[in-house]
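Contents: one structure, followed by commentary.
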Number of protein chains: 2
Amino acid sequence: MIVNEELRLFLEEIKEEIEKQMPSHIERLSTPSTLKEAMVYSLKAGGKRVRPALLLATLKSFGKPVQLGYEMACAIEMIHTYSLVHDDLPAMDNDDIRRGKPTNHKVYGEAMAILAGDALLTYSFELVSMIAHNDITPEQKVSLISELAKASGPEGMVGGQVADIEGENQSLTLDHLVYIHTHKTGDLLTAAITCGAILANATPQEINDLRSFAFELGLMFQIKDDILDVEGDSIKIGKLTGSDDENNKSTYPNLLGLDGAKAKLHEHKDKAKDFLAKVNIDQTLLLALTDYIVERDH
Amino acid sequence: MIVNEELRLFLEEIKEEIEKQMPSHIERLSTPSTLKEAMVYSLKAGGKRVRPALLLATLKSFGKPVQLGYEMACAIEMIHTYSLVHDDLPAMDNDDIRRGKPTNHKVYGEAMAILAGDALLTYSFELVSMIAHNDITPEQKVSLISELAKASGPEGMVGGQVADIEGENQSLTLDHLVYIHTHKTGDLLTAAITCGAILANATPQEINDLRSFAFELGLMFQIKDDILDVEGDSIKIGKLTGSDDENNKSTYPNLLGLDGAKAKLHEHKDKAKDFLAKVNIDQTLLLALTDYIVERDH
């Protein structure tokens, strides 16, 4: 599915590294073993590792070594993971299966799943505060923490999740849908890219242009998810297709029709590429990632 | 009950200020109003504001203005508040009432209580990263965030909470009980003091001595809570006394007898004062707070 060989190798390499590093950060902690197990269980539960890929690709685009970004990439993926653990809880989406495996609370119980999520969220900030590379200044660390907290807090991911819950079983306007996706999914994807830029010592203008690029990318990502839910292969996706429809979820295909959603996807793709073109970096990987998000089959 | 007039005035002043500032931080956020309400509800639900008091008293002991510490004090109290919201959930302690009011999930539902807790936790890191005083350097902010995350994450508060859950309905050793309290309650109380010291630009040696002082203080705090559960006035405490016994909780009075627990309390108080005496600061307020923790009736 990934036609670009450079991207394929890059994704393979960073996925392997992230999946090695995340558990090793947790395993060396001095904390009750059940908590560690529950945290590691969800960190190892797979996924495309899109956020680490975006962060490290951004760093590479600026000609910086990806090694500079692994702690930050692990931190962002830990926050993404915590959000899935809490989303799956009975009081939230009540999902028993994610990516083909029992969800955290099905294995460890609800109390432990809540606490494992809390621990992953908190630890991610500790991890950023402890980044030990000589090239990363305290100013950069404060910026990274600020980006991460804003993207995942009440004005970011948690706000989007609340808007999503409040919009259930209602027919939403496109504006409301954009609000949900911008915050629930988009803000953390954006933070992956802006944090990559901060680590690369990008200028404020470069960070702004990349933020606009990332905003379009985030919407593309969600529109593509909605399209895959209609016409994707449930085995590749790891959950039943058509589930949005069954759950009365407002989606792009519901609001715009499948063709309309696809047109919207390409509209955002063009805008994304326009913003990216403004930044004077090696665009190969980020362009390939943009195409990959549009063309992926899961 | 507070015999020291200076302490009484100090506690009154900072309680009022903290209870004004915390909601105002949340109210200016751009996020769904239900989420804001749920966050503010628990921030306004009262409490002794011990952690802000410890932080600001430490700052004052070094001759620094308390104004320097309000954001940090709010952040720590927000983390304490999130931990109560999650602890009260049906999957955890299943408490309907806290401090005489319905718990967060009884008012806003479980999903919103989980998300309000997540949002308070995440926002507290944002708040610290955004501290705007000219006197606070990025190095200090990174240290503050690191202290806060360690104290509240898997090796701190969350780890203590897991150990507490795993110890339920078991007879624990004193060592296990000390582990639970050190992490579940003590680490965040300690962070309040060490963060006050960091804000005051204390030396590493001063921070270490204050950390030891805070460790003793944290144990005192919990032993006193256990004693109040046996012989306190349930109206003043805001929950039924004897509840630990009913829930088969291991407590200091259970393990050491009431007199043994009181002896232990005074032993830790003496140690706390010894550590405090090593630090060359104005000790008036911190000594008064130490006595207050031992003598409080709720």
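Each chain in the structure tokens gets a letter, A, B and so on, in the order shown; residues start at 1 in every chain, and ligands are counted from 1 in the order they appear.
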Specify as an MDAnalysis selection string all residues of chain B found within 8 Å of chain A, counting only C-alpha atoms. chainID B and resid 29:32 35 86 91:92 110:112 114:115 118:123 125:126 129:130 138:139 141:143 145:146 149:150 152:155 158:159 162:163
DSSP on the backbone, then: every residue of segment 113-270 of chain B marked helix (DSSP H, G or I), written as number ranges by chain. B: 113-129, 138-152, 157-167, 174-199, 204-231, 234-237, 243-246, 252-270
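Remark: for Asn280 of chain B, the closest of the candidate residues B:Ser212, B:Leu177, B:Ile198, B:Glu206 is B:Glu206 (distances computed over only C-alpha atoms).
Our summary of the geometry notes that atom CA of Thr103 of chain B is positioned 23.0 Å from atom CA of Asp297 of chain B.
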Give me the residues near Ile97 of chain A as a PyMOL selection string, where near means some atom within 12 Å (using only C-alpha atoms) and where sequence neighbours in that chain fewer than 5 positions away do not count. chain A and resi 42+45+84-85+87-90+102-107+238-240
With N, CA, C and O atoms retained, write the just-selected residues as a CSV table (one decimal), in the first residue's frame.
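That gives us result.csv:
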```csv
chain,number,residue,atom,x,y,z
A,42,SER,N,-1.2,-1.8,26.9
A,42,SER,CA,-1.8,-0.9,25.9
A,42,SER,C,-0.7,-0.3,25.0
A,42,SER,O,-1.0,0.0,23.8
A,45,ALA,N,-0.1,-2.7,22.3
A,45,ALA,CA,-1.2,-3.2,21.6
A,45,ALA,C,-1.3,-2.8,20.1
A,45,ALA,O,-2.3,-3.0,19.4
A,84,LEU,N,-7.0,6.3,24.4
A,84,LEU,CA,-7.7,5.1,23.9
A,84,LEU,C,-8.2,4.3,25.1
A,84,LEU,O,-9.3,3.8,25.1
A,85,VAL,N,-7.3,4.1,26.1
A,85,VAL,CA,-7.7,3.3,27.3
A,85,VAL,C,-8.9,3.9,28.0
A,85,VAL,O,-9.8,3.2,28.3
A,87,ASP,N,-11.1,6.1,26.6
A,87,ASP,CA,-12.2,6.1,25.7
A,87,ASP,C,-12.9,4.7,25.7
A,87,ASP,O,-14.1,4.6,25.4
A,88,ASP,N,-12.2,3.6,25.8
A,88,ASP,CA,-12.8,2.3,25.7
A,88,ASP,C,-13.6,1.9,27.0
A,88,ASP,O,-14.3,0.9,27.0
A,89,LEU,N,-13.4,2.7,28.1
A,89,LEU,CA,-14.1,2.3,29.4
A,89,LEU,C,-15.6,2.2,29.2
A,89,LEU,O,-16.2,2.8,28.3
A,90,PRO,N,-16.2,1.3,30.0
A,90,PRO,CA,-17.7,1.1,30.0
A,90,PRO,C,-18.4,2.4,30.0
A,90,PRO,O,-19.4,2.6,29.4
A,102,PRO,N,-8.4,-7.7,23.5
A,102,PRO,CA,-9.3,-7.2,24.6
A,102,PRO,C,-8.8,-5.9,25.0
A,102,PRO,O,-7.5,-5.7,25.1
A,103,THR,N,-9.7,-5.0,25.3
A,103,THR,CA,-9.3,-3.6,25.8
A,103,THR,C,-8.7,-3.7,27.2
A,103,THR,O,-8.9,-4.7,27.9
A,104,ASN,N,-8.0,-2.7,27.6
A,104,ASN,CA,-7.3,-2.7,28.9
A,104,ASN,C,-8.2,-3.1,30.1
A,104,ASN,O,-7.8,-3.9,30.9
A,105,HIS,N,-9.4,-2.5,30.2
A,105,HIS,CA,-10.3,-2.8,31.3
A,105,HIS,C,-10.8,-4.2,31.3
A,105,HIS,O,-11.2,-4.8,32.3
A,106,LYS,N,-10.9,-4.8,30.1
A,106,LYS,CA,-11.3,-6.2,30.0
A,106,LYS,C,-10.3,-7.1,30.6
A,106,LYS,O,-10.6,-8.2,31.1
A,107,VAL,N,-9.0,-6.7,30.5
A,107,VAL,CA,-7.9,-7.6,31.1
A,107,VAL,C,-7.6,-7.2,32.5
A,107,VAL,O,-7.5,-8.1,33.4
A,238,GLY,N,-9.3,-3.7,11.8
A,238,GLY,CA,-9.2,-4.2,13.2
A,238,GLY,C,-10.5,-3.9,13.9
A,238,GLY,O,-10.6,-4.2,15.1
A,239,LYS,N,-11.5,-3.4,13.3
A,239,LYS,CA,-12.8,-3.2,13.9
A,239,LYS,C,-13.9,-3.4,12.8
A,239,LYS,O,-13.6,-3.3,11.6
A,240,LEU,N,-15.1,-3.6,13.2
A,240,LEU,CA,-16.2,-3.8,12.2
A,240,LEU,C,-16.4,-2.5,11.4
A,240,LEU,O,-16.5,-1.4,12.0
```
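Across the structure, atom CA of Asp225 of chain B and atom CA of Leu55 of chain B are spaced 20.5 Å apart.
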Check the smallest atom-to-atom distance from each of B:Leu189, B:Gly260, B:Thr81, B:Asp226 to Thr58 of chain B using only C-alpha atoms, then report the winner. B:Leu189
